Amino acid sequence: MKILIIQLARLGDILMTWPQVRAIKRTYPEAQIDMLVRPRFKSATNGLTELHEVIEFPVENIFEPLFEEPLNVGDGLTALDGIIDHLKQKNYTWIVNSTLSPASSYLTHALQNETMKVTGYSRTSDGFLAIADDVSAYIYAQVGVDRDNRIHLSDLFTLMVDAQPSKEDWKTVVSTPNPLELTDYAILHVGASRDEKKYSAFKWRTFITHFQKLTPLPVILIGNEDESKDASFISLGFDSKVVQDFTGKFKFEELFPLIAQAKLYIGCDSAPLHIASLVGAPSLNISLNSVNFWETGPKAEHSRVLYAETEADLPSEKVAMEAFSMLNHEQPSEDSIFFIDKSPSYQAPRNTRNKDWVWDCINALYMGGAWPMMESNTIRQGTKNLGDVNRLIIEQLDTIRKTRNVSLVSGIIERCEEVIESVGHLVPELRPLIRWYQTQKSLIGPGIPTAILDATEKVHQDFDSIIQFWLSADSQPTEDLNGAP
Amino acid sequence: MQEDIKNQLKTITKRIDKLAQENQSRYGFNQRTARLRLLTELVREQAENHEIPAKHLSPTT
């Protein structure tokens with residue numbers, strides 16, 4: 001079995017793909033697994049010994065001609081064909097597209113053939129999005145910062161390849177020596193993968209002020225060269241026994257032993273946080289509302305998350321207290337979120353970041369959990385409206401079947417789809433259900449008209465079953481609501 | 001990311017996207033359309049992810 005994993009995202013995403021690679025190897029020990037990455041982020045595969053080959057996607061060769069004037073698309077396409085031909089010659093039997101992006105779907109489409117297994121996003125023969133597996137369909141419908149998914153992205157990557165997540169897949173043997181001579185220290189990553197995910201330098205500086213009053217443990221600042229300015233500000237005036245700035249000093253692979261030996265890792269959403277998960281370093285993750293910690297938070301045992309809408313809502317003194325409490329193995333504070341070896345990966349106070357009720361709906365929709373009671377008349381009315389509109393569409397499909405004339409009813413169906421979309425805007429709690437429906441619709445591939453009609457009708461009948469089951473269960477509050485329709 | 005490079009990437013995205021649309025309307029979703037779509041999305045993602053192709057990095061970036 002020859003497998004290609006496409007991971008064209010950044011450092012953190014590549015690191016979150018490590019458990020997927022190990023899960024494949026666990027399931028198919030003889031498999032030869034290659035990974036396609038962008039050259040800039042190749043270092044994030046160092047140490048992933050289960051890989052047979054890491055192939056660089058030649059971004060530079062593809063892009064350079066595009067900057068010429070006049071636009072030189074021809075040479076860009078030639079470079080693109082070059083890598084596609086190179087990958088085709090490898091005769092992969094399974095392509096796993098772990099990059100959740102449109103570009104990767106076109107790339108997967110370019111590489112796939114009829115005999116090959118494909119997992120993740122691809123394209124149909126007429127260019128529409130094609131999603132072959134249920135997990136990727138779930139990702140498409142429910143995963144993202146603005147959504148309500150609570151399953152960790154790395155677990156979803158593992159589920160994508162038909163394996164069950166296991167903490168064994170996170171265990172990483174660190175063979176390189178620690179670049180520091182210190183033995184007792186905490187690591188603080190001063191930056192984040194994006195500016196909006198950052199806890200500001202001012203906040204980190206006041207954190208250090210509080211932290212040093214609680215413990216003599218020195219704090220080692222890490223980050224890339226761009227983050228050195230922030231680190232200089234954070235460490236300015238502090239004794240080197242309190243804080244030491246090593247931003248821009250270590251190679252990516254040196255971060256593994258450095259973080260592995262830390263008493264505690266502290267930081268926002270970033271690649272080093274995922275290194276901490278891989279080397280089992282207890283982490284205190286600062287998570288602001290531009291991140292969904294449920295999906296990308298720490299996975300090392302004893303880790304915690306402090307979540308706030310904005311950094312103004314998260315005092316640095318509180319961060320220092322939580323860090324100190326972790327060092328002393330004390331109970332998490334009342335509003336802290338802590339890692340558990342389950343899925344979802346965290347125990348959180350009610351309604352942290354997104355609503356428990358909405359997550360219960362997702363859980364019912366996909367995982368056979370109990371459907372929650374509708375918590376308001378707005379939700380109940382919105383669901384009824386969805387049911388009515390959906391039945392109207394089913395009637396139109398019946399007309400198509402009888403008359404063989406799509407144009408007669410296509411206008412009505414389009415208006416109905418708009419109404420369904422509008423219900424999602426008016427009743428946000430129903431968005432996961434609507435996204436499930438819309439995803440199922442978008443997965444109907446090209447084919448003969450009757451097959452498309454059958455597939456379309458099935459989606460609407462399924463949608464109707466779900467709605468009617470939920471409405472009837474909701475009207476009988478004393479009944480057992482367990483089980484999906 | 002340098003704003004001028006980011007804007008350049010956006011302009012390139014639009015231009016390739018237009019080529020893809022023209023090709024698709026003439027010939028359908030054939031191999032060239034698929035390649036142009038792939039190229040469009042690669043450039044779009046590069047611009048949205050605030051990443052500059054290596055050779056366009058300024059010494060100060």
# chains A, B, ... in the order shown; residues from 1 in each chain; ligands from 1
call {"tool": "interface_residues", "arguments": {"of": "chain B", "to": "chain A", "cutoff": "8 Å", "atoms": "only C-alpha atoms", "output": "list in words"}}
result
Gln8, Ile12, Ile16, Gly28, Phe29, Ala34, Arg35, Leu36, Arg37, Leu38, Leu39, Thr40, Glu41, Leu42, Val43, Glu45, Pro53, Ala54, Lys55 and Thr61 of chain B
call {"tool": "write_last_selection", "arguments": {"atoms": "C-alpha atoms", "output": "compact mmCIF listing (two decimals), in the first residue's frame"}}
result
# COMPACT_ATOMS: atom_id res chain seq x y z
CA GLN B 8 -0.18 41.71 -6.40
CA ILE B 12 -2.90 37.60 -10.07
CA ILE B 16 -6.04 33.53 -13.46
CA GLY B 28 -16.24 22.81 -19.77
CA PHE B 29 -14.31 21.47 -16.81
CA ALA B 34 -8.89 22.14 -13.58
CA ARG B 35 -5.23 23.25 -13.61
CA LEU B 36 -6.22 26.93 -13.82
CA ARG B 37 -8.63 26.47 -10.91
CA LEU B 38 -5.86 24.81 -8.91
CA LEU B 39 -3.48 27.65 -9.70
CA THR B 40 -6.12 30.25 -8.80
CA GLU B 41 -6.80 28.66 -5.44
CA LEU B 42 -3.10 28.26 -4.66
CA VAL B 43 -2.48 31.95 -5.23
CA GLU B 45 -4.65 30.85 -0.35
CA PRO B 53 6.69 33.57 -2.14
CA ALA B 54 10.28 33.23 -0.90
CA LYS B 55 11.99 35.30 -3.59
CA THR B 61 10.69 40.64 6.48
call {"tool": "select_by_dssp", "arguments": {"residues": "stretch 9-154 of chain A", "states": "strand (DSSP E)", "output": "count of residues only"}}
result
23
call {"tool": "atom_distance", "arguments": {"atom1": "atom CA of A:Gln461", "atom2": "atom CA of A:Glu417"}}
result
15.1 Å
call {"tool": "atom_distance", "arguments": {"atom1": "atom CA of A:Leu258", "atom2": "atom CA of A:Ile187"}}
result
8.3 Å
call {"tool": "select_by_dssp", "arguments": {"residues": "stretch 154-228 of chain A", "states": "helix (DSSP H, G or I)", "output": "number ranges by chain"}}
result
A: 154-160, 167-170, 195-197, 201-214, 225-228
call {"tool": "write_last_selection", "arguments": {"atoms": "N, CA, C and O atoms", "output": "CSV table (one decimal), in the first residue's frame"}}
result
chain,number,residue,atom,x,y,z
A,154,SER,N,-7.0,16.9,15.2
A,154,SER,CA,-6.1,15.8,15.1
A,154,SER,C,-6.9,14.5,15.2
A,154,SER,O,-6.6,13.5,14.5
A,155,ASP,N,-7.9,14.4,16.1
A,155,ASP,CA,-8.7,13.2,16.2
A,155,ASP,C,-9.5,13.0,14.9
A,155,ASP,O,-9.7,11.9,14.4
A,156,LEU,N,-10.0,14.1,14.3
A,156,LEU,CA,-10.7,14.0,13.0
A,156,LEU,C,-9.8,13.5,11.9
A,156,LEU,O,-10.2,12.7,11.1
A,157,PHE,N,-8.6,14.0,11.9
A,157,PHE,CA,-7.6,13.5,10.9
A,157,PHE,C,-7.5,12.0,11.0
A,157,PHE,O,-7.4,11.3,10.1
A,158,THR,N,-7.4,11.5,12.3
A,158,THR,CA,-7.2,10.1,12.5
A,158,THR,C,-8.5,9.3,12.1
A,158,THR,O,-8.4,8.3,11.4
A,159,LEU,N,-9.7,9.9,12.5
A,159,LEU,CA,-10.9,9.2,12.1
A,159,LEU,C,-11.1,9.2,10.5
A,159,LEU,O,-11.7,8.2,10.0
A,160,MET,N,-10.5,10.2,9.9
A,160,MET,CA,-10.6,10.2,8.4
A,160,MET,C,-10.0,9.0,7.8
A,160,MET,O,-10.4,8.5,6.7
A,167,LYS,N,-3.9,7.8,22.3
A,167,LYS,CA,-2.9,8.7,22.9
A,167,LYS,C,-1.5,8.2,22.5
A,167,LYS,O,-0.5,8.9,22.5
A,168,GLU,N,-1.4,6.9,22.1
A,168,GLU,CA,-0.1,6.3,21.7
A,168,GLU,C,0.4,7.1,20.4
A,168,GLU,O,1.6,7.2,20.2
A,169,ASP,N,-0.5,7.5,19.6
A,169,ASP,CA,-0.1,8.2,18.4
A,169,ASP,C,0.5,9.6,18.6
A,169,ASP,O,1.0,10.2,17.7
A,170,TRP,N,0.4,10.1,19.8
A,170,TRP,CA,1.0,11.4,20.2
A,170,TRP,C,2.4,11.2,20.7
A,170,TRP,O,3.2,12.2,20.7
A,195,ASP,N,-1.8,37.2,14.3
A,195,ASP,CA,-1.8,38.3,15.2
A,195,ASP,C,-3.0,38.3,16.1
A,195,ASP,O,-3.0,38.5,17.3
A,196,GLU,N,-4.2,38.0,15.5
A,196,GLU,CA,-5.4,38.0,16.3
A,196,GLU,C,-5.5,36.9,17.4
A,196,GLU,O,-6.4,37.0,18.2
A,197,LYS,N,-4.6,36.0,17.3
A,197,LYS,CA,-4.6,34.9,18.3
A,197,LYS,C,-3.7,35.2,19.5
A,197,LYS,O,-3.6,34.5,20.5
A,201,ALA,N,2.2,41.6,24.1
A,201,ALA,CA,3.5,41.6,24.8
A,201,ALA,C,3.3,42.3,26.2
A,201,ALA,O,3.9,41.9,27.2
A,202,PHE,N,2.5,43.3,26.2
A,202,PHE,CA,2.2,44.0,27.5
A,202,PHE,C,1.6,43.0,28.5
A,202,PHE,O,2.0,43.0,29.7
A,203,LYS,N,0.7,42.2,28.1
A,203,LYS,CA,0.0,41.2,28.9
A,203,LYS,C,1.0,40.2,29.4
A,203,LYS,O,1.0,39.8,30.6
A,204,TRP,N,1.9,39.7,28.5
A,204,TRP,CA,2.9,38.7,28.9
A,204,TRP,C,3.9,39.3,29.9
A,204,TRP,O,4.3,38.7,30.8
A,205,ARG,N,4.2,40.6,29.7
A,205,ARG,CA,5.1,41.2,30.6
A,205,ARG,C,4.5,41.3,32.1
A,205,ARG,O,5.2,41.0,33.0
A,206,THR,N,3.3,41.7,32.1
A,206,THR,CA,2.7,41.7,33.5
A,206,THR,C,2.5,40.3,34.0
A,206,THR,O,2.5,40.1,35.2
A,207,PHE,N,2.3,39.3,33.1
A,207,PHE,CA,2.2,37.9,33.6
A,207,PHE,C,3.5,37.6,34.3
A,207,PHE,O,3.5,37.0,35.4
A,208,ILE,N,4.7,37.9,33.6
A,208,ILE,CA,6.0,37.6,34.2
A,208,ILE,C,6.1,38.2,35.6
A,208,ILE,O,6.6,37.6,36.6
A,209,THR,N,5.6,39.5,35.7
A,209,THR,CA,5.7,40.2,37.0
A,209,THR,C,5.0,39.4,38.1
A,209,THR,O,5.5,39.2,39.2
A,210,HIS,N,3.8,38.9,37.8
A,210,HIS,CA,3.0,38.1,38.8
A,210,HIS,C,3.7,36.8,39.0
A,210,HIS,O,3.7,36.3,40.1
A,211,PHE,N,4.1,36.1,37.9
A,211,PHE,CA,4.6,34.8,38.0
A,211,PHE,C,5.9,34.7,38.9
A,211,PHE,O,6.0,33.8,39.7
A,212,GLN,N,6.7,35.7,38.7
A,212,GLN,CA,8.0,35.7,39.5
A,212,GLN,C,7.7,35.8,41.0
A,212,GLN,O,8.6,35.4,41.8
A,213,LYS,N,6.6,36.4,41.3
A,213,LYS,CA,6.3,36.6,42.7
A,213,LYS,C,5.8,35.2,43.3
A,213,LYS,O,5.9,35.0,44.5
A,214,LEU,N,5.3,34.4,42.5
A,214,LEU,CA,4.8,33.1,42.9
A,214,LEU,C,5.8,32.0,42.9
A,214,LEU,O,5.7,31.0,43.7
A,225,GLU,N,12.1,35.0,14.7
A,225,GLU,CA,12.8,36.3,14.7
A,225,GLU,C,11.8,37.5,14.7
A,225,GLU,O,12.1,38.5,15.3
A,226,ASP,N,10.7,37.3,14.0
A,226,ASP,CA,9.7,38.4,14.0
A,226,ASP,C,9.1,38.7,15.4
A,226,ASP,O,8.6,39.8,15.6
A,227,GLU,N,9.2,37.7,16.3
A,227,GLU,CA,8.6,37.9,17.6
A,227,GLU,C,9.7,38.4,18.6
A,227,GLU,O,9.3,38.6,19.8
A,228,SER,N,10.9,38.6,18.2
A,228,SER,CA,12.0,39.1,19.1
A,228,SER,C,11.7,40.4,19.7
A,228,SER,O,12.1,40.7,20.8
call {"tool": "closest_residue", "arguments": {"among": "B:Asn49, B:Glu22, B:Tyr27, B:Arg32", "to": "B:Leu9", "atoms": "only C-alpha atoms"}}
result
B:Asn49
call {"tool": "atom_distance", "arguments": {"atom1": "atom CA of A:Ile55", "atom2": "atom CA of A:Leu11"}}
result
15.1 Å
call {"tool": "residues_around", "arguments": {"residues": "A:Arg415", "least_positions_apart": "6", "cutoff": "10 Å", "atoms": "only C-alpha atoms", "output": "PyMOL selection string"}}
result
chain A and resi 389+393+421
call {"tool": "closest_residue", "arguments": {"among": "A:Met116, A:Ala23, A:Ile139, A:Leu188", "to": "A:Thr99", "atoms": "only C-alpha atoms"}}
result
A:Ile139
call {"tool": "residues_around", "arguments": {"residues": "stretch 279-289 of chain A", "least_positions_apart": "3", "cutoff": "6 Å", "atoms": "only C-alpha atoms", "output": "PyMOL selection string"}}
result
chain A and resi 172+260+264-268+276+300+302-310
call {"tool": "write_last_selection", "arguments": {"atoms": "C-alpha atoms", "output": "PDB file, in the first residue's frame"}}
result
ATOM      1  CA  THR A 172       7.148  11.249  20.319  1.00  0.00           C
ATOM      2  CA  ALA A 260       9.873  18.200  26.373  1.00  0.00           C
ATOM      3  CA  LEU A 264       5.266  23.870  31.906  1.00  0.00           C
ATOM      4  CA  TYR A 265       4.554  25.218  28.434  1.00  0.00           C
ATOM      5  CA  ILE A 266       2.563  28.459  28.196  1.00  0.00           C
ATOM      6  CA  GLY A 267       1.275  29.990  24.994  1.00  0.00           C
ATOM      7  CA  CYS A 268      -1.482  30.795  22.538  1.00  0.00           C
ATOM      8  CA  ALA A 276       4.158  20.364  23.535  1.00  0.00           C
ATOM      9  CA  ALA A 300      -0.793  16.613  26.632  1.00  0.00           C
ATOM     10  CA  HIS A 302      -2.587  17.812  32.729  1.00  0.00           C
ATOM     11  CA  SER A 303      -2.972  20.613  30.160  1.00  0.00           C
ATOM     12  CA  ARG A 304      -5.416  23.428  30.631  1.00  0.00           C
ATOM     13  CA  VAL A 305      -6.974  26.200  28.569  1.00  0.00           C
ATOM     14  CA  LEU A 306      -7.863  29.673  29.727  1.00  0.00           C
ATOM     15  CA  TYR A 307     -10.458  31.030  27.342  1.00  0.00           C
ATOM     16  CA  ALA A 308     -11.582  34.640  26.962  1.00  0.00           C
ATOM     17  CA  GLU A 309     -13.451  36.569  24.293  1.00  0.00           C
ATOM     18  CA  THR A 310     -10.671  39.149  24.192  1.00  0.00           C
TER      19      THR A 310
END
call {"tool": "closest_residue", "arguments": {"among": "A:Leu314, A:Ala323, A:Ala451, A:Ala364", "to": "A:Arg401", "atoms": "only C-alpha atoms"}}
result
A:Ala451
call {"tool": "closest_residue", "arguments": {"among": "A:Thr49, A:Asp230, A:Lys402, A:Lys171", "to": "A:Glu301", "atoms": "only C-alpha atoms"}}
result
A:Lys171
